[in-house]
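Participant: My structure is stored as entry_30.pdb, with PDB, C-alpha atoms.
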ATOM      1  CA  ARG A   2      80.998  89.556 139.222
ATOM      2  CA  SER A   3      78.575  90.999 136.708
ATOM      3  CA  GLU A   4      78.891  94.568 135.498
ATOM      4  CA  MET A   5      75.596  95.418 137.247
ATOM      5  CA  CYS A   6      76.938  94.090 140.551
ATOM      6  CA  ILE A   7      80.064  96.196 140.153
ATOM      7  CA  ARG A   8      77.904  99.236 139.420
ATOM      8  CA  ASP A   9      75.781  98.627 142.505
ATOM      9  CA  SER A  10      78.861  98.158 144.688
ATOM     10  CA  LEU A  11      80.284 101.461 143.471
ATOM     11  CA  ARG A  12      77.001 103.212 144.175
ATOM     12  CA  ASP A  13      76.910 101.708 147.665
ATOM     13  CA  ALA A  14      80.349 103.235 148.204
ATOM     14  CA  GLY A  15      79.026 106.659 147.238
ATOM     15  CA  ILE A  16      80.505 106.645 143.714
ATOM     16  CA  GLU A  17      78.217 107.647 140.856
ATOM     17  CA  ALA A  18      78.334 104.778 138.356
ATOM     18  CA  ARG A  19      76.396 103.714 135.268
ATOM     19  CA  ASN A  20      76.483 100.777 132.902
ATOM     20  CA  LEU A  21      77.455 101.311 129.289
ATOM     21  CA  ALA A  22      74.962  99.832 126.838
ATOM     22  CA  GLY A  23      76.672  96.781 125.385
ATOM     23  CA  GLY A  24      79.121  96.540 128.275
ATOM     24  CA  MET A  25      82.878  96.280 127.869
ATOM     25  CA  ASP A  26      82.560  94.856 124.366
ATOM     26  CA  ALA A  27      80.846  98.038 123.206
ATOM     27  CA  TRP A  28      83.524 100.128 124.921
ATOM     28  CA  ALA A  29      86.273  98.190 123.114
ATOM     29  CA  GLU A  30      84.466  98.667 119.797
ATOM     30  CA  LEU A  31      84.270 102.460 120.156
ATOM     31  CA  TYR A  32      86.514 104.181 117.607
ATOM     32  CA  THR A  33      86.484 107.903 116.908
ATOM     33  CA  ALA A  34      88.176 109.910 114.157
ATOM     34  CA  ARG A  35      89.221 113.565 114.223
ATOM     35  CA  GLU A  36      90.813 115.598 111.457
ATOM     36  CA  LEU A  37      94.022 117.396 112.323
ATOM     37  CA  GLU A  38      94.005 121.154 111.810
ATOM     38  CA  LEU A  39      97.061 121.199 109.604
ATOM     39  CA  ASP A  40      98.289 123.096 106.538
ATOM     40  CA  ALA A  41      99.749 120.147 104.643
ATOM     41  CA  PRO A  42      99.420 118.447 101.244
ATOM     42  CA  ALA A  43      97.336 115.699 102.870
ATOM     43  CA  THR A  44      94.203 115.402 104.941
ATOM     44  CA  VAL A  45      95.102 113.581 108.168
ATOM     45  CA  LEU A  46      92.584 111.779 110.362
ATOM     46  CA  GLN A  47      93.617 110.525 113.783
ATOM     47  CA  TYR A  48      91.731 107.494 115.072
ATOM     48  CA  ASP A  49      91.299 107.004 118.808
ATOM     49  CA  ARG A  50      90.327 103.781 120.583
ATOM     50  CA  PRO A  51      89.674 105.086 124.120
ATOM     51  CA  SER A  52      89.413 101.636 125.678
ATOM     52  CA  SER A  53      93.121 101.036 125.041
ATOM     53  CA  GLY A  54      94.534 104.436 124.082
ATOM     54  CA  CYS A  55      95.586 103.132 120.663
ATOM     55  CA  LEU A  56      95.973 105.786 117.956
ATOM     56  CA  ALA A  57      96.151 105.317 114.186
ATOM     57  CA  SER A  58      96.246 107.781 111.296
ATOM     58  CA  LEU A  59      94.758 107.961 107.802
ATOM     59  CA  LEU A  60      96.501 110.218 105.268
ATOM     60  CA  VAL A  61      94.645 111.186 102.081
ATOM     61  CA  SER A  62      96.119 113.097  99.149
ATOM     62  CA  GLY A  63      95.412 113.167  95.424
ATOM     63  CA  GLY A  64      93.071 110.195  95.439
ATOM     64  CA  GLU A  65      95.503 108.009  97.388
ATOM     65  CA  ALA A  66      95.619 107.073 101.057
ATOM     66  CA  ALA A  67      97.869 105.430 103.635
ATOM     67  CA  VAL A  68      97.089 104.140 107.128
ATOM     68  CA  ILE A  69      99.772 104.303 109.827
ATOM     69  CA  ASP A  70      99.566 101.785 112.696
ATOM     70  CA  PRO A  71      96.152 100.366 111.698
ATOM     71  CA  LEU A  72      94.209  98.097 114.037
ATOM     72  CA  ARG A  73      92.849  94.876 112.577
ATOM     73  CA  ALA A  74      89.502  95.379 114.311
ATOM     74  CA  PHE A  75      88.806  98.534 112.289
ATOM     75  CA  VAL A  76      89.986  97.713 108.767
ATOM     76  CA  ASP A  77      86.453  98.317 107.455
ATOM     77  CA  ARG A  78      86.510 101.806 108.942
ATOM     78  CA  TYR A  79      89.730 102.833 107.201
ATOM     79  CA  GLU A  80      88.440 101.577 103.847
ATOM     80  CA  ALA A  81      85.125 103.397 104.253
ATOM     81  CA  ASP A  82      86.711 106.679 105.355
ATOM     82  CA  ALA A  83      89.164 106.603 102.443
ATOM     83  CA  ALA A  84      86.323 105.886 100.021
ATOM     84  CA  ASP A  85      84.311 108.785 101.468
ATOM     85  CA  ARG A  86      87.242 110.997 100.446
ATOM     86  CA  ASP A  87      87.432 109.474  96.948
ATOM     87  CA  ALA A  88      90.718 107.755  97.742
ATOM     88  CA  THR A  89      92.049 104.212  97.634
ATOM     89  CA  ILE A  90      94.399 102.874 100.305
ATOM     90  CA  GLU A  91      97.813 102.378  98.720
ATOM     91  CA  TYR A  92      99.877 101.701 101.848
ATOM     92  CA  ALA A  93      99.279 100.007 105.211
ATOM     93  CA  ILE A  94     102.173 100.984 107.486
ATOM     94  CA  ASP A  95     103.402  99.901 110.919
ATOM     95  CA  THR A  96     105.966 101.960 112.840
ATOM     96  CA  HIS A  97     107.140  98.837 114.710
ATOM     97  CA  VAL A  98     106.072  95.332 115.674
ATOM     98  CA  HIS A  99     103.224  96.098 118.054
ATOM     99  CA  ALA A 100     102.858  94.200 121.326
ATOM    100  CA  ASP A 101      99.530  95.611 122.517
ATOM    101  CA  HIS A 102      97.140  95.325 119.572
ATOM    102  CA  VAL A 103      96.664  93.135 116.524
ATOM    103  CA  SER A 104      97.923  95.022 113.479
ATOM    104  CA  GLY A 105      95.664  95.626 110.494
ATOM    105  CA  VAL A 106      98.544  95.829 108.003
ATOM    106  CA  ARG A 107      98.100  92.340 106.557
ATOM    107  CA  ASP A 108      94.308  92.621 106.351
ATOM    108  CA  LEU A 109      94.479  95.980 104.570
ATOM    109  CA  ALA A 110      97.113  94.631 102.203
ATOM    110  CA  SER A 111      94.903  91.707 101.200
ATOM    111  CA  ARG A 112      91.498  93.401 101.256
ATOM    112  CA  ALA A 113      92.331  96.847  99.909
ATOM    113  CA  ASP A 114      95.172  95.643  97.667
ATOM    114  CA  ALA A 115      97.454  97.993  99.596
ATOM    115  CA  GLU A 116     101.194  97.619 100.011
ATOM    116  CA  ALA A 117     102.190  96.376 103.465
ATOM    117  CA  VAL A 118     105.074  98.432 104.915
ATOM    118  CA  VAL A 119     106.961  97.424 108.061
ATOM    119  CA  PRO A 120     110.377  98.324 109.531
ATOM    120  CA  ASP A 121     113.334  96.471 108.079
ATOM    121  CA  GLY A 122     114.300  95.069 111.486
ATOM    122  CA  ALA A 123     111.054  93.091 111.591
ATOM    123  CA  ARG A 124     112.830  90.532 109.403
ATOM    124  CA  GLU A 125     115.321  89.820 112.192
ATOM    125  CA  ARG A 126     112.421  89.408 114.569
ATOM    126  CA  GLY A 127     110.914  86.685 112.369
ATOM    127  CA  LEU A 128     108.714  88.453 109.813
ATOM    128  CA  ALA A 129     106.690  85.737 108.075
ATOM    129  CA  PHE A 130     104.650  87.584 105.453
ATOM    130  CA  ASP A 131     105.473  89.566 102.315
ATOM    131  CA  ALA A 132     105.981  93.265 103.007
ATOM    132  CA  THR A 133     108.036  96.247 101.936
ATOM    133  CA  THR A 134     110.604  96.990 104.624
ATOM    134  CA  VAL A 135     111.854 100.461 105.577
ATOM    135  CA  GLY A 136     114.392 101.874 107.985
ATOM    136  CA  ASP A 137     117.938 100.599 107.705
ATOM    137  CA  ALA A 138     118.225  98.211 104.766
ATOM    138  CA  ALA A 139     120.569  98.414 101.783
ATOM    139  CA  GLU A 140     120.614 101.705  99.892
ATOM    140  CA  ARG A 141     118.399 102.023  96.842
ATOM    141  CA  SER A 142     118.035 104.755  94.245
ATOM    142  CA  SER A 143     114.901 106.898  94.109
ATOM    143  CA  ALA A 144     114.057 105.243  90.797
ATOM    144  CA  SER A 145     113.879 101.771  92.324
ATOM    145  CA  PRO A 146     110.480 100.092  92.744
ATOM    146  CA  ALA A 147     108.580 100.935  95.927
ATOM    147  CA  SER A 148     108.680  97.261  96.914
ATOM    148  CA  HIS A 149     112.468  97.363  97.346
ATOM    149  CA  ALA A 150     113.956  97.816 100.801
ATOM    150  CA  GLN A 151     114.306 101.453 101.822
ATOM    151  CA  GLN A 152     116.889 103.285 103.861
ATOM    152  CA  ASP A 153     116.467 105.960 106.523
ATOM    153  CA  GLY A 154     115.566 109.139 104.671
ATOM    154  CA  ASP A 155     113.799 107.400 101.792
ATOM    155  CA  GLU A 156     110.295 108.472 100.885
ATOM    156  CA  ILE A 157     106.824 107.046 100.414
ATOM    157  CA  ARG A 158     104.626 109.069  98.067
ATOM    158  CA  ILE A 159     100.895 109.366  98.739
ATOM    159  CA  GLY A 160      99.313 111.557  96.058
ATOM    160  CA  ASP A 161     100.892 114.982  96.490
ATOM    161  CA  ALA A 162     102.262 114.171  99.958
ATOM    162  CA  THR A 163     105.539 112.574 100.994
ATOM    163  CA  LEU A 164     106.331 110.479 104.064
ATOM    164  CA  THR A 165     110.024 110.424 104.980
ATOM    165  CA  VAL A 166     111.332 107.439 106.940
ATOM    166  CA  LEU A 167     113.282 108.153 110.124
ATOM    167  CA  ALA A 168     114.922 105.261 111.988
ATOM    168  CA  THR A 169     114.084 105.675 115.701
ATOM    169  CA  PRO A 170     115.169 102.529 117.602
ATOM    170  CA  GLY A 171     114.906 102.121 121.352
ATOM    171  CA  HIS A 172     111.385 101.045 122.248
ATOM    172  CA  THR A 173     112.158  98.173 119.872
ATOM    173  CA  THR A 174     115.195  97.658 117.670
ATOM    174  CA  GLU A 175     113.251  98.142 114.448
ATOM    175  CA  SER A 176     111.115 101.173 115.367
ATOM    176  CA  VAL A 177     110.795 103.891 112.749
ATOM    177  CA  SER A 178     108.937 107.212 112.560
ATOM    178  CA  PHE A 179     107.414 108.902 109.512
ATOM    179  CA  ARG A 180     107.661 112.620 108.784
ATOM    180  CA  LEU A 181     105.063 114.495 106.731
ATOM    181  CA  GLU A 182     106.166 117.898 105.501
ATOM    182  CA  GLY A 183     103.564 120.680 105.746
ATOM    183  CA  ASP A 184     103.554 124.320 104.699
ATOM    184  CA  ASP A 185     103.511 125.683 108.251
ATOM    185  CA  ALA A 186     104.993 122.755 110.210
ATOM    186  CA  GLN A 187     105.923 119.121 109.811
ATOM    187  CA  LEU A 188     104.067 116.202 111.357
ATOM    188  CA  LEU A 189     106.017 113.299 112.869
ATOM    189  CA  PHE A 190     104.296 109.969 113.465
ATOM    190  CA  THR A 191     106.422 108.562 116.292
ATOM    191  CA  GLY A 192     104.688 105.257 117.003
ATOM    192  CA  ASP A 193     105.750 104.171 120.501
ATOM    193  CA  THR A 194     109.016 106.149 120.573
ATOM    194  CA  LEU A 195     107.671 109.429 121.980
ATOM    195  CA  PHE A 196     104.286 110.044 123.574
ATOM    196  CA  LEU A 197     102.605 113.179 124.904
ATOM    197  CA  GLU A 198     103.201 112.049 128.490
ATOM    198  CA  GLY A 199     106.403 110.023 128.252
ATOM    199  CA  VAL A 200     108.585 107.756 126.128
ATOM    200  CA  GLY A 201     108.449 104.169 124.948
ATOM    201  CA  ARG A 202     109.406 101.477 127.436
ATOM    202  CA  PRO A 203     112.604  99.613 126.461
ATOM    203  CA  ASP A 204     111.922  96.106 127.790
ATOM    204  CA  LEU A 205     109.149  94.657 125.631
ATOM    205  CA  GLU A 206     111.278  93.151 122.872
ATOM    206  CA  ARG A 207     114.136  91.496 124.777
ATOM    207  CA  GLY A 208     113.069  91.692 128.403
ATOM    208  CA  THR A 209     114.649  93.334 131.392
ATOM    209  CA  GLU A 210     118.141  91.931 130.702
ATOM    210  CA  ASP A 211     118.508  94.117 127.589
ATOM    211  CA  ALA A 212     116.420  97.017 128.881
ATOM    212  CA  ALA A 213     119.390  99.220 129.800
ATOM    213  CA  ALA A 214     120.997  98.805 126.364
ATOM    214  CA  ALA A 215     117.659  99.510 124.707
ATOM    215  CA  ALA A 216     117.208 102.581 126.908
ATOM    216  CA  ARG A 217     120.567 103.896 125.725
ATOM    217  CA  ARG A 218     119.462 103.413 122.118
ATOM    218  CA  LEU A 219     116.239 105.238 122.910
ATOM    219  CA  TYR A 220     118.165 108.095 124.531
ATOM    220  CA  GLU A 221     120.294 108.451 121.397
ATOM    221  CA  THR A 222     117.150 108.426 119.244
ATOM    222  CA  LEU A 223     115.409 111.089 121.303
ATOM    223  CA  GLN A 224     118.393 113.396 121.622
ATOM    224  CA  HIS A 225     119.859 113.080 118.140
ATOM    225  CA  ARG A 226     116.924 112.100 115.961
ATOM    226  CA  ILE A 227     113.666 113.398 117.436
ATOM    227  CA  LEU A 228     114.859 116.554 119.211
ATOM    228  CA  GLU A 229     116.848 117.635 116.167
ATOM    229  CA  GLN A 230     113.591 118.085 114.270
ATOM    230  CA  SER A 231     112.070 121.560 114.021
ATOM    231  CA  SER A 232     110.579 122.839 117.300
ATOM    232  CA  ASP A 233     107.306 123.402 115.430
ATOM    233  CA  THR A 234     107.104 119.714 114.499
ATOM    234  CA  ILE A 235     103.765 118.241 115.543
ATOM    235  CA  ILE A 236     104.189 114.891 117.300
ATOM    236  CA  ALA A 237     101.506 112.299 116.572
ATOM    237  CA  PRO A 238     102.132 109.267 118.859
ATOM    238  CA  GLY A 239     100.824 105.738 118.581
ATOM    239  CA  HIS A 240      99.181 105.710 122.035
ATOM    240  CA  TYR A 241      98.054 107.894 124.900
ATOM    241  CA  SER A 242      97.135 107.420 128.548
ATOM    242  CA  ASP A 243      94.750 109.172 130.934
ATOM    243  CA  ALA A 244      97.563 111.614 131.713
ATOM    244  CA  ALA A 245      97.633 112.947 128.138
ATOM    245  CA  GLU A 246      95.803 116.157 127.278
ATOM    246  CA  PRO A 247      94.298 116.467 123.783
ATOM    247  CA  ARG A 248      94.661 119.643 121.731
ATOM    248  CA  ALA A 249      91.795 122.040 121.097
ATOM    249  CA  ASP A 250      90.857 120.058 117.970
ATOM    250  CA  GLY A 251      90.486 116.922 120.110
ATOM    251  CA  THR A 252      93.538 115.161 118.680
ATOM    252  CA  TYR A 253      96.307 113.654 120.772
ATOM    253  CA  THR A 254      99.123 115.660 119.230
ATOM    254  CA  ALA A 255     101.552 118.286 120.515
ATOM    255  CA  ARG A 256     104.335 120.479 119.205
ATOM    256  CA  LEU A 257     107.804 119.192 119.891
ATOM    257  CA  ALA A 258     108.732 122.438 121.665
ATOM    258  CA  THR A 259     105.877 121.862 124.107
ATOM    259  CA  LEU A 260     106.964 118.306 124.875
ATOM    260  CA  ARG A 261     110.573 119.412 125.318
ATOM    261  CA  ASP A 262     109.388 121.823 128.013
ATOM    262  CA  GLN A 263     106.939 119.431 129.674
ATOM    263  CA  LEU A 264     108.721 116.071 129.699
ATOM    264  CA  GLU A 265     111.606 115.717 132.148
ATOM    265  CA  ALA A 266     112.820 112.647 130.246
ATOM    266  CA  LEU A 267     113.848 114.836 127.324
ATOM    267  CA  SER A 268     116.224 116.940 129.413
ATOM    268  CA  MET A 269     117.939 114.142 131.360
ATOM    269  CA  ASP A 270     121.514 113.051 130.772
ATOM    270  CA  GLU A 271     122.042 109.486 129.587
ATOM    271  CA  LYS A 272     122.625 107.950 133.018
ATOM    272  CA  GLU A 273     119.520 109.600 134.487
ATOM    273  CA  PHE A 274     117.458 108.559 131.467
ATOM    274  CA  VAL A 275     118.491 104.905 131.612
ATOM    275  CA  GLU A 276     117.583 104.738 135.300
ATOM    276  CA  TYR A 277     114.260 106.463 134.638
ATOM    277  CA  ALA A 278     113.383 104.227 131.680
ATOM    278  CA  THR A 279     114.225 100.911 133.351
ATOM    279  CA  SER A 280     112.903 101.297 136.903
ATOM    280  CA  ASP A 281     109.318 100.951 138.144
ATOM    281  CA  LEU A 282     108.040  99.709 134.792
ATOM    282  CA  PRO A 283     104.299  98.940 134.597
ATOM    283  CA  PRO A 284     103.065  95.399 133.903
ATOM    284  CA  ARG A 285     103.609  94.227 130.336
ATOM    285  CA  PRO A 286     100.646  94.502 127.947
ATOM    286  CA  ALA A 287      98.339  91.512 128.248
ATOM    287  CA  ASN A 288      99.165  88.677 125.818
ATOM    288  CA  ASP A 289     102.074  90.669 124.377
ATOM    289  CA  GLU A 290     104.184  87.714 123.209
ATOM    290  CA  ARG A 291     101.303  86.140 121.323
ATOM    291  CA  ILE A 292     100.278  89.476 119.797
ATOM    292  CA  VAL A 293     103.854  89.954 118.542
ATOM    293  CA  ALA A 294     103.742  86.484 116.946
ATOM    294  CA  VAL A 295     100.476  87.366 115.208
ATOM    295  CA  ASN A 296     101.807  90.711 113.988
ATOM    296  CA  LEU A 297     104.902  89.050 112.542
ATOM    297  CA  GLY A 298     102.654  86.659 110.637
ATOM    298  CA  ARG A 299     103.893  83.645 112.585
ATOM    299  CA  GLU A 300     100.440  82.795 113.941
ATOM    300  CA  ASP A 301      96.971  83.169 112.440
ATOM    301  CA  ILE A 302      93.963  83.818 114.655
ATOM    302  CA  ASP A 303      90.277  84.491 114.123
ATOM    303  CA  GLU A 304      88.510  87.790 114.807
ATOM    304  CA  GLU A 305      87.118  86.696 118.177
ATOM    305  CA  THR A 306      90.534  85.647 119.443
ATOM    306  CA  ALA A 307      92.097  88.877 118.178
ATOM    307  CA  PHE A 308      89.494  90.915 120.024
ATOM    308  CA  GLU A 309      90.100  89.019 123.270
ATOM    309  CA  LEU A 310      93.893  89.366 123.021
ATOM    310  CA  GLU A 311      93.636  93.145 122.836
ATOM    311  CA  LEU A 312      91.510  93.696 125.918
ATOM    312  CA  GLY A 313      93.230  95.731 128.610
ATOM    313  CA  PRO A 314      95.545  98.771 128.727
ATOM    314  CA  ASN A 315      98.449  99.045 126.283
ATOM    315  CA  ASN A 316     101.161  99.799 128.923
ATOM    316  CA  CYS A 317     103.769 100.646 126.261
ATOM    317  CA  ALA A 318     104.994 103.889 127.855
ATOM    318  CA  VAL A 319     107.276 105.114 130.589
ATOM    319  CA  ALA A 320     105.366 108.207 131.735
ATOM    320  CA  ASP A 321     106.671 111.323 133.492
TER
END
Render the structure in this file as C-alpha cells.

Facilitator:
Amino acid sequence: RSEMCIRDSLRDAGIEARNLAGGMDAWAELYTARELELDAPATVLQYDRPSSGCLASLLVSGGEAAVIDPLRAFVDRYEADAADRDATIEYAIDTHVHADHVSGVRDLASRADAEAVVPDGARERGLAFDATTVGDAAERSSASPASHAQQDGDEIRIGDATLTVLATPGHTTESVSFRLEGDDAQLLFTGDTLFLEGVGRPDLERGTEDAAAAARRLYETLQHRILEQSSDTIIAPGHYSDAAEPRADGTYTARLATLRDQLEALSMDEKEFVEYATSDLPPRPANDERIVAVNLGREDIDEETAFELELGPNNCAVAD
C-alpha cells in the first residue's frame, strides 16, 4: 500500500498522521549532529540517524580527527564536518563488526586517506581488507608504528587527545570500547556493549547455540570492565531505541552512575543475567548476515544496495 493510503487509513482510525516529504527514503537520509558538552582535549560530535537509532562520533583535536562507528551512507558528512573544523580525518574506527548498518570505515580510509581501525578479533571472523587491528593482539611497544596490532590498553592519538582501547567482548567476540580522558570526566564509546536502555544482545555472531556463553562473556565485561570505570564516566553507545532519553544537550549519552541505578541488568548475578540476555530476544536485524559480510570486506555492493540493506530497526539490544 502507498504511504498516502496508510496515512488515510490512520486518519480514518482517528490517528493524526502526515506524510513526510520524500517519504521513507528522506527519513532514512536524515542525519543530525550535536556537540557534547564536555571538558576534554577534543571536540566531540555525536551523529544520530533517527530512522535506525544508529549513533556515530567525530572527535576533533589539534587539526586531526577520528570517526567512531561511521556509516557508509554519510562519509561525505564526516569529511565536511572535519574540514569545517580545520581538521583532517586520520582514523576511521569500528568498535565491532556491525550487523545492522554498512560501515563507512573502508570508504573513509580510501577517500580521506584515513587509517582503518577494527578490533583484532575481526581477523578470526574473516576480515578481508587491510586495517589496523586493536584489542587483544600481540603486545607492542609505544614506539611501534600505529599500523601494528595493538593490545588492550594501547592508545590512539588524535591531536592532543588520546583514545584508550578497552576489550569488551560479549555482544560479539571482538567488541572493543574506546575511552577518551577529559578534565572533568572520561567518555567511553561502548559500541553495542552497553546502551542507555539495555545491553548488547549475545546471539548475533554465533546464533542461539552460543548465546549463553556469549552472555557470560558480556556479564564479565560489564561487571569487571565497564562498571570498574569511574562513576562519572559518560557512556556514548552505538545505538538507541525509542525507550532512550537524550540528555539536555540532545545527545544520547549518560553517566555510568545513572545507568548503574537505572538498568536492572547491571545489578543481576550471572545466572539471572544470562537468562535475561538470552530469552525473548527481538528479531535479528534485517539482512544481518549479508551486512556482516560487507563490513568484513568479503562482499562489495553499490550505494543503492547498501541503502536498501540498512532499512529497518537495528535490534542490537536487550532492553530493560

Participant: Hey, which of A:Arg78, A:Arg202, A:Arg248, A:Arg73 ends up closest to Ser104 in chain A? Count all atoms listed in the file.

Facilitator: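 Smallest separation from Ser104 in chain A among the options: A:Arg73.
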
Participant: Please produce, as a Markdown table, a per-residue contact table for range 175-196 of chain A versus range 240-246 of chain A (criterion: any atom at most 8 Å away, all atoms listed in the file considered), showing the nearest atom pair and its distance in Å to one decimal, sorted by chain then residue number.

Facilitator:
| residue | atom | partner | partner_atom | distance |
| --- | --- | --- | --- | --- |
| A:Gly192 | CA | A:His240 | CA | 7.5 |
| A:Asp193 | CA | A:His240 | CA | 6.9 |
| A:Phe196 | CA | A:Tyr241 | CA | 6.7 |

Participant: Would you mind reading off the distance between CA of Glu221 in chain A and CA of Val118 in chain A, one decimal, in Å?

Facilitator: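 These atoms are spaced 24.6 Å apart.
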
Participant: Rank nothing, just name the residue among A:Asp289, A:Asp131, A:Glu229, A:Asp250 nearest to Leu312 in chain A, using all atoms listed in the file.

Facilitator: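 Closest to Leu312 in chain A of all the choices is A:Asp289.
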
Participant: CA of Ala216 in chain A and CA of Glu271 in chain A, how far apart in Å?

Facilitator: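 Here the two named atoms are 8.8 Å from each other.
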
Participant: Between CA of Lys272 in chain A and CA of Gly239 in chain A, what is the distance in Å, rounded to a tenth?

Facilitator: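 Answer for the CA of Lys272 in chain A to CA of Gly239 in chain A separation: 26.2 Å.
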
Participant: Please enumerate the residues selected by the PyMOL selection byres ((chain A and resi 47) around 6) when evaluated against the supplied file, formatted as a PyMOL selection string.

Facilitator: chain A and resi 34-35+46+48+57-58

Participant: Would you please work out which residue, of A:Ala237, A:Leu205, A:Ala249, A:Leu195, is nearest to Gln224 in chain A when using only C-alpha atoms?

Facilitator: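 Of A:Ala237, A:Leu205, A:Ala249, A:Leu195, the one nearest Gln224 in chain A is A:Leu195, counting only C-alpha atoms.
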
Participant: With distances taken over all atoms listed in the file, which residue among A:Thr191, A:Thr169, A:Ser53, A:Thr209 lies nearest Ser280 in chain A?

Facilitator: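 Answer, going by the shortest atom-to-atom distance: A:Thr209.
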
Participant: Can you work out which one of A:Val98, A:Leu37, A:Ala320, A:Ala168 has the shortest atom-to-atom distance to Glu125 in chain A, counting only C-alpha atoms?

Facilitator: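 Nearest candidate to Glu125 in chain A out of A:Val98, A:Leu37, A:Ala320, A:Ala168: A:Val98.
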
Participant: Could you tell me, as a list of chain:residue names, exactly which residues end up selected when the PyMOL selection byres ((chain A and resi 103) around 10) is applied to this structure?

Facilitator: A:Asp70, A:Pro71, A:Leu72, A:Arg73, A:Ala74, A:Val98, A:His99, A:Ala100, A:Asp101, A:His102, A:Ser104, A:Gly105, A:Val106, A:Asp289, A:Arg291, A:Ile292, A:Val293, A:Ala294, A:Val295, A:Asn296, A:Ile302, A:Glu304, A:Ala307, A:Phe308, A:Leu310, A:Glu311

Participant: Starting from the shown file, work through the PyMOL selection byres ((chain A and resi 265) around 12) and note down what comes out as a list in words.

Facilitator: Leu197, Glu198, Gly199, Val200, Thr259, Leu260, Arg261, Asp262, Gln263, Leu264, Ala266, Leu267, Ser268, Met269, Asp270, Glu273, Phe274, Tyr277, Ala278, Val319, Ala320 and Asp321 of chain A

Participant: Which is closer to Pro51 in chain A than all the others in A:Leu223, A:Glu36, A:Tyr253, A:Arg126, using only C-alpha atoms?

Facilitator: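 Closest to Pro51 in chain A of all the choices is A:Tyr253.
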
Participant: Got a sec: who's within 10 Å of range 231-235 of chain A, counting all atoms listed in the file, leaving out chain neighbours fewer than 3 positions off, as a list of chain:residue names?

Facilitator: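 Neighbouring residues, sequence-local ones excluded: A:Leu39, A:Arg180, A:Leu181, A:Glu182, A:Gly183, A:Asp185, A:Ala186, A:Gln187, A:Leu188, A:Leu189, A:Phe190, A:Ile227, A:Leu228, A:Pro238, A:Thr254, A:Ala255, A:Arg256, A:Leu257, A:Ala258, A:Thr259, A:Leu260, A:Arg261.
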
Participant: What's the 8 Å shell around Glu80 in chain A, counting only C-alpha atoms, without same-chain residues fewer than 3 positions away, as a PDB file with C-alpha atoms, in the coordinates of the input?

Facilitator:
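Result file is part-v2.pdb:
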ATOM      1  CA  VAL A  76      89.986  97.713 108.767  1.00  0.00           C
ATOM      2  CA  ASP A  77      86.453  98.317 107.455  1.00  0.00           C
ATOM      3  CA  ALA A  83      89.164 106.603 102.443  1.00  0.00           C
ATOM      4  CA  ALA A  84      86.323 105.886 100.021  1.00  0.00           C
ATOM      5  CA  THR A  89      92.049 104.212  97.634  1.00  0.00           C
ATOM      6  CA  ILE A  90      94.399 102.874 100.305  1.00  0.00           C
ATOM      7  CA  ALA A 113      92.331  96.847  99.909  1.00  0.00           C
TER       8      ALA A 113
END
